[in-house]
Structure formats: structure tokens, C-alpha cells
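Visitor: Below: one structure in C-alpha cells.
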Amino acid sequence: MSTLSQTDTQTGPGRWLSLMGILFTWQRLASAAQQLLLPLVGILVFLGAWHLAAPQVNTSLGAFPGPADVMEQAGALWQEHQNQRDRAEKYVTMQEERNARILSTNPDAEVRIRAYPGAPTFIDQIGTSLVTVVAGFFLATVIAVPLGIVIGLNRYFNAAMNPLIQIFKPVSPLAWLPLVTMVVSATYVSDDPMFEKSFLTSMITVTLCSLWPTLINTSFGVAAVNPDLVNVSRVLRLSFWTHVRKVVLPSSIPAIFTGLRVSLGIAWMVLIAAEMLSQNPGLGKFVWDEFQNGSSQSLSRIMVAVLAIGFIGFLLDRGMLVVQRKVAWNE
Amino acid sequence: MSKSHLELTGVQMAFDTPSGPFIALDNLNLKIGKGEFVSLIGHSGCGKSTVLNIVAGLLGATRGGCVLDGHEVNTPGPERAVVFQNHSLMPWLTVYENVELAVQQVFRKSMSKRERKAWILHNLELVHMDHAANKRPGEISGGMAQRVGIARALAMKPSVLLMDEPFGALDALTRAHLQDSLMEIQQELNNTVIMITHDVDEAVLLSDRIIMMTNGPAATVGEDLAIDLPRPRNRVAMADNPRYLRYRQAVLSFLYEKQRFPDKAERKPSAGQKQDSGSEGEDEGRQGLRAIA
């Protein structure tokens with residue numbers, strides 16, 4: 001009784017505070033909804049629409065897979081990977097045991113361990129693709145940033161390079177691929193190759209297609225260095241290298257990173273296409289193999305690959321953003 | 001004001017434009033003694049900044065030249081440090097690192113690491129910015145950044161300090177504050193200073209000499225006014241000092257009667273005018289005209 005009457009008679013600042021508290025929680029709820037709930041709603045609506053629309057689309061391989069089929073195949077692909085890994089481990093332990101036996105009878109015997117010869121699983125293909133894209137992107141960066149700096153610093157060089165950049169920039173990876181394949185097979189001849197030829201072909205194709213945004217952005221950023229800062233550098237008589245290191249490079253870091261992020265996105269897209277076309281190991285090959293396989297699960301498996309490609313592309317971009325925040329002074 | 005320390009002789013500066021060469025400066029002669037504080041004043045577009053850039057070595061005169069302590073100036077160098085209008089600090093370096101970049105470059109060989117550090121901090125203290133040594137230029141106000149710009153220039157131990165409208169981008173109160181600081185520093189270090197300004201009061205208050213420039217094209221020295229006021233000068237006391245007012249009057253009459261601000265229609269668009277910054281000078285000119293009328 002007494003407590004009730006107390007709350008009833010609560011007036012003045014107390015009531016205002018509680019009211020503000022309610023408002024405050026409302027605001028927080030609203031902002032939480034915007035950050036978390038709305039994306040979730042978007043995903044759910046998409047899944048619902050997909051679920052309803054998929055059975056309506058009939059292909060020669062059966063109805064288009066819905067979310068449930070895709071989930072199931074994702075699990076199956078993971079399971080296959082686990083099984084494969086177990087088998088590989090057993091294969092290796094078996095060899096080790098055999099080798100131990102041979103060595104115990106004849107210590108001078110030459111023994112070796114063969115790698116498991118099974119086909120690469122979905123997860124293995126993801127790994128291959130990731131390694132290839134990182135290598136190709138790295139090579140593109142190593143070429144594009146220094147070249148971009150030179151182009152940005154020297155307007156004569158810029159004028160000379162500009163038509164080449166404009167012409168090669170829009171070239172599709174599929175056009176490069178046959179040329180790269182032929183050149184790699186002709187020039188990379190070695191008895192004990194460090195890299196697979198297929199890896200080199202994919203990587204070089206990725207490099208050729210993804211270096212342009214970085215190149216253009218770097219040269220743009222370098223050419224746009226504040227002329228007053230260039231004058232400061234001249235007054236200080238900074239040497240060419242110090243000028244590049246202390247003035248030009250930091251000043252164009254934001255532009256360079258914009259280019260790098262676009263380049264990485266392109267690199268990832270190009271890689272999948274290149275792997276599909278050239279049958280080089282990787283996610284692209286996985287998609288192509290499933291397409292050729294044409295089983296009732298193929299479409300679901302391809303869909304798993306599509307989602308994986310998208311998700312990995314997203315993670316790569318986020319990773320780049322993290323690096324940018326670490327490196328760039330304006331973040 | 002001893003022997004001639006810096007000398008500009010017969011300087012002509014022509015800029016190439018699509019409609020033929022534009023003569024920004026012609027036959028400009030100027031002698032400046034050691035320790036003198038000289039202001040260059042004139043309407044915007046008259047080539048003040050061009051003069052400063054020639055002394056700095058950032059521009060090469062098409063005819064004539066500039067001699068500093070017996071050596072011809074043809075490249076920029078730290079002995080002619082420049083303070084730019086918009087501070088021009090590297091935004092990715094802290095205040096300390098900005099000064100360090102200059103000190104590192106100029107005194108790499110002649111100072112030990114500890115001496116360099118002490119010298120950087122000394123210069124930051126001189127402009128009262130040692131408290132913000134670890135801040136980036138983006139985190140401090142425009143006036144503070146300009147102080148750091150001055151500290152960076154002073155840290156090069158220049159024979160001539162060149163200032164291109166150093167306080168032009170600042171509000172009136174901050175500007176007054178920085179002018180006082182600059183007078184203090186000048187009193188202590190006795191540098192040779194060439195300063196470009198649009199502000200008549202700033203010129204009279206700070207300078208030993210005011211060089212008034214005629215309107216371009218083919219601008220040159222119009223009048224050369226020695227300011228004989230005792231130092232240290234106090235801006236409040238100066239406000240009703242008759243000599244101060246006479247000097248002020250002389251500059252105003254040069255700017256707004258003898259060299260009226262040219263009409264826009266008469267002015268040729270030119271590369272030369274790009275050298276002078278901003279339209280605020282124009283506004284000042286118009287206001288001045290109104291004030292006199």
C-alpha cells in the first residue's frame with residue numbers, strides 16, 4: 001500500500017528522470033534495431049523469397065535449390081572434407097608405420113611418404129583460391145604502386161602511359177587467359193617447378209586485371225599532392241627518395257588504399273572466372289566441375305560456392321579496411 | 001640595417017599564357033639589410049607573392065635576379081625558409097614531427113640527436129606550442145597550426161624568413177595575438193623578414209620598412225616607406241600615436257588614391273594573378289574605398 005502511494009505521489013525531477021530513462025532506452029532500442037534488426041530482416045526476407053521462388057524454377061537438373069537444400073549441401077561438403085582429411089591422415093600413418101617396419105629390419109633403406117592422392121575438396125579449393133588471389137593481388141600491388149608513383153610524379157611519363165592504361169584497363173580476364181596460359185607453358189619450364197603452372201596462370205591473370213585501379217588511384221593521389229607541401233619539400237631540399245617517402249607516399253596513402261580495395265574486389269572476381277575457364281584448381285573449378293557433373297545436388301553445391309565466394313569477397317574487403325585503418329593517417 | 005644583405009636587381013617575371021607572355025613584374029629593385037623586417041603590400045594580383053617566390057627560389061625570374069649574402073639565388077633552400085599562408089604542415093605528422101622533418105634535414109650533420117631534440121622543443125616553446133607537440137595538425141586550430149609553421153621555419157635558422165600572408169587566413173583576434181608573438185620572436189632573434197600582407201595595420205605595426213607595390217601588369221616598387229617607431233611596439237599605445245597614424249595614412253593613400261584597385265574589366269586574366277591568393281584582398285580593397293569615400 002505504502003509503496004504504491006509513494007510511486008503515485010512521485011513528482012518533479014524523479015518522474016522526469018524515469019521518463020527520460022524510458023525515452024533513452026527507446027532511443028537505444030531504435031538504434032540497435034537499425035544496426036542489427038534491419039539487416040536481419042533483409043536477410044530473412046531474401047531467404048523467404050528465395051524459398052518460395054526456387055521450386056517454381058525447373059531445370060533439367062530438377063527444381064532450383066532452396067535455402068534448405070543449400071544448407072544441407074553445405075553440411076555435406078564439410079562432411080566430405082572431414083572424411084577426406086581422416087582418410088589422408090590414415091594414409092600417411094599407414095605409410096609411417098610401414099616405413100618404421102622397413103627401417104627396423106634395414107636401417108639403410110630409403111623410405112618416403114607419398115601425399116594422399118585424393119581429389120581436392122570444396123574447402124581445399126577455397127584454400128587454393130585464397131592463396132592465388134592473395135599472391136596475384138600482392139604482385140599487382142608491387143607493380144602498380146611504384147609505377148603509379150612514377151606516373152604521378154612525371155607528367156611526361158604520364159602522357160606516355162595514359163593511352164596504354166586506358167586501353168588495357170577494360171580488358172576482360174577471359175581475353176588474357178589463353179595468352180597467359182601459352183606464355184607460361186612456353187617460358188616456365190623447369191624440372192622441379194616451385195609453382196604449379198596452373199597457379200601461375202591464374203595468378204598472372206589476376207594481376208593483369210587487378211593492377212589498374214591501384215595504378216590509376218596511386219598516380220592520381222601522387223599528382224594531387226598539395227603544391228604547398230611540395231614547396232615545403234623543395235625549400236627543405238629533400239632528396240628525391242626522402243621526398244617520395246616523407247611527402248608523396250603518405251599524402252597519397254588514402255587514394256592508394258581506395259585503389260587497393262577496388263583492385264582486391266576485382267582480383268577475387270577475376271580469379272573465379274579464370275579458374276572456371278582454364279580448369280585451374282580453385283573455387284571456379286569446383287563450380288565448373290559441379291556444372292559438368294550434373295547430379296541432382298549440383299545446383300545446390302554451386303549455390304554453396306556462390307555464397308562462399310560472396311562471403312569471402314566481403315571478408316577480403318573488410319580485411320583491407322582493417323589494414324587501411326592501421327596504415328592510413330586520415331582514418 | 002647594415003650593409004646590403006639581400007638584393008633584387010632589375011627583376012622581371014613573365015608568365016606564358018595562351019595569349020602571349022604576361023609581364024607580372026618589371027624592373028623591380030630592392031635592397032634589404034640584415035635584421036630588417038620588411039613588408040610587401042599591394043593589391044591582390046600585383047605580384048607580391050611572385051617576388052617572395054623569386055627570393056625563395058621557387059620561381060626563377062625571367063630577367064634580373066636575387067643575391068643573398070653574395071650568392072645568387074636560383075634554387076629553394078632552408079636558408080630562405082618560407083611560412084605559407086595555410087600553414088602547410090604535413091597532416092600525417094605530429095607537430096613535433098613536422099618540425100623534426102625540417103631540423104633533421106638541415107642539421108643532420110651538425111647536431112647530435114639530443115641537440116636536435118632540444119632545438120625542436122626550443123622552437124616549439126618559442127611559439128608557445130610545446131604543449132601540443134604530439135598532436136596532428138588536424139587536431140589543433142588554424143592559429144596554432146600557423147604557429148607551428150613559423151616554428152618550423154625558424155628551426156631552419158634561416159638568413160631570411162619569408163612569410164606569405166602568414167596571418168591572412170586567421171580571425172582578427174588570433175591574428176593580433178600571433179602578430180604580438182612574431183614581434184616578440186623578432187625582438188629576440190633579430191631575423192631578416194620579408195612578409196606579404198594585405199593588412200595596413202599589420203604592416204605598420206610589425207615592419208621596419210614597407211614596400212608598396214604598384215598594380216600589375218609590370219608591377220614594381222611604388223613607394224618605400226621606413227617606419228621609425230620605437231620597439232617594443234604596443235598595439236594599444238600605437239592606436240593614437242601620431243607618427244603611427246601618419247604612416248598608416250601614407251600607406252592607405254598609396255593603396256586607395258595613387259594605386260586604386262583596378263576594375264575587374266581592366267584586369268587581364270593571367271597566370272600571374274594565380275600567384276596571389278584569394279579574393280579577400282579584393283573585398284578589403286572595396287571596403288577601404290568605401291571607408292575613404
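Letters A, B, ... go to the chains of the C-alpha cells in the order shown; residues in each chain start at 1; ligands are counted from 1 in the same order.
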When you look at segment 212-214 of chain B with a cut-off of 7 Å (counting only C-alpha atoms), what residues show up, excluding the ones that are within fewer than 6 positions of it in the same chain? I need them as a VMD selection string.

Guide: chain B and resid 40 to 42 46 220 to 224 259

Visitor: Go ahead and write the selection's residues with N, CA and C atoms as a PDB file, in the first residue's frame.

Guide:
```pdb
ATOM      1  N   LEU B  40      55.743  43.629 -47.705  1.00  0.00           N
ATOM      2  CA  LEU B  40      55.348  43.933 -49.083  1.00  0.00           C
ATOM      3  C   LEU B  40      53.839  44.100 -49.076  1.00  0.00           C
ATOM      4  N   ILE B  41      53.373  45.255 -49.534  1.00  0.00           N
ATOM      5  CA  ILE B  41      51.929  45.451 -49.544  1.00  0.00           C
ATOM      6  C   ILE B  41      51.515  45.915 -50.927  1.00  0.00           C
ATOM      7  N   GLY B  42      50.315  45.567 -51.313  1.00  0.00           N
ATOM      8  CA  GLY B  42      49.819  45.924 -52.638  1.00  0.00           C
ATOM      9  C   GLY B  42      48.525  45.194 -52.883  1.00  0.00           C
ATOM     10  N   CYS B  46      49.097  41.945 -57.774  1.00  0.00           N
ATOM     11  CA  CYS B  46      50.182  42.845 -58.166  1.00  0.00           C
ATOM     12  C   CYS B  46      51.528  42.133 -58.189  1.00  0.00           C
ATOM     13  N   THR B 220      55.982  47.060 -59.987  1.00  0.00           N
ATOM     14  CA  THR B 220      57.302  47.301 -59.430  1.00  0.00           C
ATOM     15  C   THR B 220      57.135  48.008 -58.089  1.00  0.00           C
ATOM     16  N   VAL B 221      58.271  48.425 -57.498  1.00  0.00           N
ATOM     17  CA  VAL B 221      58.169  49.102 -56.199  1.00  0.00           C
ATOM     18  C   VAL B 221      57.609  50.502 -56.418  1.00  0.00           C
ATOM     19  N   GLY B 222      56.506  50.811 -55.751  1.00  0.00           N
ATOM     20  CA  GLY B 222      55.911  52.137 -55.885  1.00  0.00           C
ATOM     21  C   GLY B 222      56.517  53.100 -54.889  1.00  0.00           C
ATOM     22  N   GLU B 223      56.375  52.770 -53.611  1.00  0.00           N
ATOM     23  CA  GLU B 223      56.960  53.615 -52.569  1.00  0.00           C
ATOM     24  C   GLU B 223      57.661  52.723 -51.556  1.00  0.00           C
ATOM     25  N   ASP B 224      58.652  53.309 -50.930  1.00  0.00           N
ATOM     26  CA  ASP B 224      59.450  52.586 -49.939  1.00  0.00           C
ATOM     27  C   ASP B 224      59.414  53.425 -48.669  1.00  0.00           C
ATOM     28  N   GLN B 259      47.166  54.177 -56.134  1.00  0.00           N
ATOM     29  CA  GLN B 259      47.044  52.904 -56.851  1.00  0.00           C
ATOM     30  C   GLN B 259      45.677  52.316 -56.553  1.00  0.00           C
TER      31      GLN B 259
END
```

Visitor: Using DSSP on the backbone coordinates, identify the residues of segment 7-245 of chain A assigned to alpha helix (DSSP H); present them as a PyMOL selection string.

Guide: chain A and resi 7-9+12-32+38-53+67-105+122-153+155-168+173-187+197-223+227-235+240-243

Visitor: Find the residues near segment 60-70 of chain A: any atom within 9 Å, counting only C-alpha atoms, skip ones fewer than 6 places away on the same chain, and give them as a PyMOL selection string.

Guide: chain A and resi 47-48+50-54+294-304

Visitor: Could you please take those selected residues and save N, CA and C atoms as a CSV table (one decimal), in the first residue's frame?

Guide:
```
chain,number,residue,atom,x,y,z
A,47,LEU,N,15.7,-14.7,-47.8
A,47,LEU,CA,15.6,-16.2,-47.7
A,47,LEU,C,14.2,-16.7,-48.0
A,48,GLY,N,13.2,-15.9,-47.5
A,48,GLY,CA,11.8,-16.3,-47.7
A,48,GLY,C,11.4,-16.3,-49.2
A,50,TRP,N,13.4,-16.4,-51.7
A,50,TRP,CA,14.2,-17.5,-52.3
A,50,TRP,C,13.5,-18.8,-52.2
A,51,HIS,N,13.1,-19.1,-50.9
A,51,HIS,CA,12.4,-20.3,-50.6
A,51,HIS,C,11.2,-20.5,-51.4
A,52,LEU,N,10.4,-19.4,-51.6
A,52,LEU,CA,9.1,-19.5,-52.3
A,52,LEU,C,9.4,-19.6,-53.8
A,53,ALA,N,10.4,-18.9,-54.3
A,53,ALA,CA,10.6,-18.8,-55.8
A,53,ALA,C,11.3,-20.0,-56.3
A,54,ALA,N,12.2,-20.6,-55.5
A,54,ALA,CA,13.1,-21.6,-56.1
A,54,ALA,C,12.3,-22.8,-56.7
A,294,GLY,N,26.5,-32.5,-63.1
A,294,GLY,CA,25.1,-32.5,-63.4
A,294,GLY,C,24.3,-33.5,-62.6
A,295,SER,N,24.6,-33.7,-61.3
A,295,SER,CA,23.8,-34.6,-60.5
A,295,SER,C,22.7,-33.7,-59.9
A,296,SER,N,21.8,-34.4,-59.1
A,296,SER,CA,20.6,-33.6,-58.6
A,296,SER,C,21.1,-32.6,-57.5
A,297,GLN,N,22.3,-32.8,-57.0
A,297,GLN,CA,22.8,-31.9,-55.9
A,297,GLN,C,23.6,-30.8,-56.5
A,298,SER,N,23.9,-30.9,-57.8
A,298,SER,CA,24.9,-29.9,-58.3
A,298,SER,C,24.5,-28.5,-58.1
A,299,LEU,N,23.3,-28.2,-58.4
A,299,LEU,CA,22.9,-26.8,-58.3
A,299,LEU,C,23.0,-26.3,-56.9
A,300,SER,N,22.6,-27.1,-55.9
A,300,SER,CA,22.8,-26.7,-54.5
A,300,SER,C,24.2,-26.5,-54.2
A,301,ARG,N,25.1,-27.3,-54.7
A,301,ARG,CA,26.5,-27.2,-54.4
A,301,ARG,C,27.1,-26.0,-55.0
A,302,ILE,N,26.6,-25.7,-56.2
A,302,ILE,CA,27.1,-24.4,-56.9
A,302,ILE,C,26.6,-23.2,-56.1
A,303,MET,N,25.4,-23.3,-55.6
A,303,MET,CA,24.9,-22.2,-54.8
A,303,MET,C,25.7,-22.0,-53.5
A,304,VAL,N,26.1,-23.1,-52.9
A,304,VAL,CA,27.0,-23.0,-51.7
A,304,VAL,C,28.3,-22.3,-52.1
```

Visitor: Hey, what's within 10 Å of segment 133-150 of chain B if we count only C-alpha atoms and toss same-chain stuff fewer than 3 positions away? As a PyMOL selection string, please?

Guide: (chain A and resi 329-330) or (chain B and resi 81-99+120-121+123-130+153-155+161-163+166-167+169-171+173-175+177-178+181-182)

Visitor: Generate the output file for the selected residues, C-alpha atoms, as a PDB file, in the first residue's frame.

Guide:
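Okay, selection.pdb is ready:
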```
ATOM      1  CA  TRP A 329      46.829   8.638 -41.192  1.00  0.00           C
ATOM      2  CA  ASN A 330      43.401  10.037 -42.044  1.00  0.00           C
TER       3      ASN A 330
ATOM      4  CA  ALA B  81      62.609  29.452 -45.036  1.00  0.00           C
ATOM      5  CA  VAL B  82      59.039  30.099 -46.125  1.00  0.00           C
ATOM      6  CA  VAL B  83      55.932  30.368 -43.946  1.00  0.00           C
ATOM      7  CA  PHE B  84      52.952  29.696 -46.189  1.00  0.00           C
ATOM      8  CA  GLN B  85      49.527  31.200 -45.792  1.00  0.00           C
ATOM      9  CA  ASN B  86      47.786  27.954 -44.899  1.00  0.00           C
ATOM     10  CA  HIS B  87      50.458  26.567 -42.550  1.00  0.00           C
ATOM     11  CA  SER B  88      51.365  23.721 -44.978  1.00  0.00           C
ATOM     12  CA  LEU B  89      52.126  21.233 -42.249  1.00  0.00           C
ATOM     13  CA  MET B  90      52.175  17.582 -43.225  1.00  0.00           C
ATOM     14  CA  PRO B  91      48.799  16.398 -41.915  1.00  0.00           C
ATOM     15  CA  TRP B  92      50.112  12.889 -41.235  1.00  0.00           C
ATOM     16  CA  LEU B  93      52.902  14.076 -38.953  1.00  0.00           C
ATOM     17  CA  THR B  94      52.537  15.386 -35.424  1.00  0.00           C
ATOM     18  CA  VAL B  95      53.523  18.939 -34.578  1.00  0.00           C
ATOM     19  CA  TYR B  96      56.847  17.679 -33.263  1.00  0.00           C
ATOM     20  CA  GLU B  97      57.488  15.504 -36.315  1.00  0.00           C
ATOM     21  CA  ASN B  98      56.724  18.381 -38.663  1.00  0.00           C
ATOM     22  CA  VAL B  99      59.445  20.493 -37.079  1.00  0.00           C
ATOM     23  CA  ILE B 120      62.900  21.258 -31.892  1.00  0.00           C
ATOM     24  CA  LEU B 121      61.406  21.706 -28.439  1.00  0.00           C
ATOM     25  CA  ASN B 123      61.396  26.324 -31.286  1.00  0.00           C
ATOM     26  CA  LEU B 124      58.028  24.945 -30.244  1.00  0.00           C
ATOM     27  CA  GLU B 125      58.371  26.771 -26.921  1.00  0.00           C
ATOM     28  CA  LEU B 126      59.232  29.942 -28.789  1.00  0.00           C
ATOM     29  CA  VAL B 127      55.811  29.908 -30.456  1.00  0.00           C
ATOM     30  CA  HIS B 128      54.139  28.515 -27.308  1.00  0.00           C
ATOM     31  CA  MET B 129      53.205  25.253 -28.949  1.00  0.00           C
ATOM     32  CA  ASP B 130      55.277  22.799 -26.897  1.00  0.00           C
ATOM     33  CA  ALA B 153      60.652  27.924 -40.487  1.00  0.00           C
ATOM     34  CA  LEU B 154      62.588  29.371 -37.525  1.00  0.00           C
ATOM     35  CA  ALA B 155      64.028  25.954 -36.730  1.00  0.00           C
ATOM     36  CA  LEU B 161      62.411  34.401 -43.182  1.00  0.00           C
ATOM     37  CA  LEU B 162      59.819  34.679 -45.943  1.00  0.00           C
ATOM     38  CA  MET B 163      56.187  34.927 -44.932  1.00  0.00           C
ATOM     39  CA  PRO B 166      51.089  34.300 -42.722  1.00  0.00           C
ATOM     40  CA  PHE B 167      48.044  35.517 -40.822  1.00  0.00           C
ATOM     41  CA  ALA B 169      43.581  33.001 -43.046  1.00  0.00           C
ATOM     42  CA  LEU B 170      43.092  33.752 -39.351  1.00  0.00           C
ATOM     43  CA  ASP B 171      40.403  35.637 -37.467  1.00  0.00           C
ATOM     44  CA  LEU B 173      41.864  38.224 -32.562  1.00  0.00           C
ATOM     45  CA  THR B 174      44.082  35.254 -33.349  1.00  0.00           C
ATOM     46  CA  ARG B 175      45.880  37.396 -35.904  1.00  0.00           C
ATOM     47  CA  HIS B 177      47.844  37.505 -30.919  1.00  0.00           C
ATOM     48  CA  LEU B 178      50.191  35.974 -33.480  1.00  0.00           C
ATOM     49  CA  SER B 181      54.172  36.722 -30.779  1.00  0.00           C
ATOM     50  CA  LEU B 182      56.009  37.423 -34.003  1.00  0.00           C
TER      51      LEU B 182
END
```

Visitor: Contacts of Gly47 of chain B at 10 Å or less, counting only C-alpha atoms, minus same-chain residues fewer than 3 places along, as a PyMOL selection string?

Guide: chain B and resi 13+23-25+40-44+50-53+213-220+272-276

Visitor: Which of these residues is nearest to Glu100 of chain B, using only C-alpha atoms: A:Leu236, A:Ile22, A:Ile165, A:Leu37?

Guide: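 Among A:Leu236, A:Ile22, A:Ile165, A:Leu37, it is A:Leu236 that comes nearest to Glu100 of chain B.
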
Visitor: Counting only C-alpha atoms, which residue out of B:Asp208, B:Glu79, B:Asp228, B:Glu115 sits closest to chain A?

Guide: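 Closest residue, counting only C-alpha atoms: B:Glu79.
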
Visitor: Near chain B, which residues of chain A fall within 8 Å when you count only C-alpha atoms, and what do they look like as a list in words?

Guide: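 Contact residues on the first chain: Asp228, Leu229, Asn231, Val232, Arg234, Val235, Leu236, Arg237, Leu238, Val247, Pro250, Ser251, Trp329 and Asn330 of chain A.
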
Visitor: Quote the spacing between atom CA of Gln73 of chain A and atom CA of Val206 of chain A in Å to one decimal place.

Guide: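 Atom CA of Val206 of chain A lies 29.2 Å from atom CA of Gln73 of chain A.
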
Visitor: Of the residues B:Ala61, B:Leu6, B:Ile32, B:Val11, which is the one nearest to Ile210 of chain B, using only C-alpha atoms?

Guide: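 Of B:Ala61, B:Leu6, B:Ile32, B:Val11, the one nearest Ile210 of chain B is B:Ile32, counting only C-alpha atoms.
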
Visitor: Enumerate, as a ChimeraX atom specification, the complete set of residues in segment 3-169 of chain B that a backbone-based DSSP assignment places in strand (DSSP E or B).

Guide: /B:4-17,20-33,37-41,63-68,71-72,80-83,160-164

Visitor: Those residues you just picked out, can you put them in a file as a compact mmCIF listing (two decimals), in the first residue's frame with C-alpha atoms?

Guide:
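Result file is selection_21.txt:
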```txt
# COMPACT_ATOMS: atom_id res chain seq x y z
CA SER B 4 73.01 45.11 -48.21
CA HIS B 5 72.17 41.58 -47.26
CA LEU B 6 69.58 40.69 -49.84
CA GLU B 7 69.39 42.40 -53.17
CA LEU B 8 66.92 42.13 -56.01
CA THR B 9 68.13 43.77 -59.22
CA GLY B 10 66.11 44.51 -62.35
CA VAL B 11 63.76 41.62 -61.73
CA GLN B 12 61.31 40.84 -64.49
CA MET B 13 58.88 37.99 -64.33
CA ALA B 14 56.90 36.91 -67.38
CA PHE B 15 54.36 34.09 -67.36
CA ASP B 16 53.45 32.27 -70.54
CA THR B 17 49.76 32.47 -71.28
CA GLY B 20 51.33 35.58 -75.19
CA PRO B 21 53.63 36.35 -72.28
CA PHE B 22 52.18 38.23 -69.33
CA ILE B 23 54.67 40.52 -67.61
CA ALA B 24 53.81 40.33 -63.92
CA LEU B 25 56.86 42.16 -62.58
CA ASP B 26 59.17 44.52 -64.38
CA ASN B 27 62.38 46.24 -63.35
CA LEU B 28 61.93 45.64 -59.66
CA ASN B 29 64.86 46.71 -57.48
CA LEU B 30 65.07 46.14 -53.76
CA LYS B 31 67.82 46.12 -51.15
CA ILE B 32 67.23 44.70 -47.72
CA GLY B 33 69.65 44.95 -44.79
CA PHE B 37 61.61 43.44 -41.12
CA VAL B 38 60.15 44.35 -44.50
CA SER B 39 56.50 44.16 -45.51
CA LEU B 40 55.35 43.93 -49.08
CA ILE B 41 51.93 45.45 -49.54
CA ARG B 63 65.33 38.78 -66.20
CA GLY B 64 67.44 40.15 -63.37
CA GLY B 65 67.99 38.20 -60.20
CA CYS B 66 68.30 37.93 -56.49
CA VAL B 67 71.53 37.86 -54.49
CA LEU B 68 71.67 36.78 -50.85
CA HIS B 71 75.33 34.27 -53.66
CA GLU B 72 72.83 34.21 -56.47
CA ARG B 80 65.35 31.14 -47.06
CA ALA B 81 62.61 29.45 -45.04
CA VAL B 82 59.04 30.10 -46.13
CA VAL B 83 55.93 30.37 -43.95
CA VAL B 160 65.85 35.34 -44.39
CA LEU B 161 62.41 34.40 -43.18
CA LEU B 162 59.82 34.68 -45.94
CA MET B 163 56.19 34.93 -44.93
CA ASP B 164 53.39 34.77 -47.48
```

Visitor: Please provide the set of residues having any atom within 12 Å of Met203 of chain A, restricted to only C-alpha atoms, with same-chain residues fewer than 4 positions apart removed, written as an NGL selection string.

Guide: :A and (128-140 or 173 or 176-177 or 180-181 or 184 or 195-199 or 207-211 or 267-268 or 270-272 or 274-275 or 280-282)

Visitor: Could you jot down the atom CA of Glu290 of chain A to atom CA of Ala88 of chain A separation for me, Å, one decimal place?

Guide: 22.8 Å

Visitor: Using only C-alpha atoms, which protein or nucleic acid residues come within 12 Å of Glu80 of chain A? Drop anything in the same chain fewer than 6 positions from it, and give the result as a PyMOL selection string.

Guide: chain A and resi 73-74+86-87+118-124

Visitor: Nearest to Thr197 of chain B: which of B:Asn74, B:Gln249, B:Ser110, B:Ser49 is it, counting only C-alpha atoms?

Guide: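 Residue with the minimum atom-to-atom distance to Thr197 of chain B: B:Ser49.
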
Visitor: Interatomic distance between atom CA of Gln186 of chain B and atom CA of Lys109 of chain B?

Guide: 26.9 Å
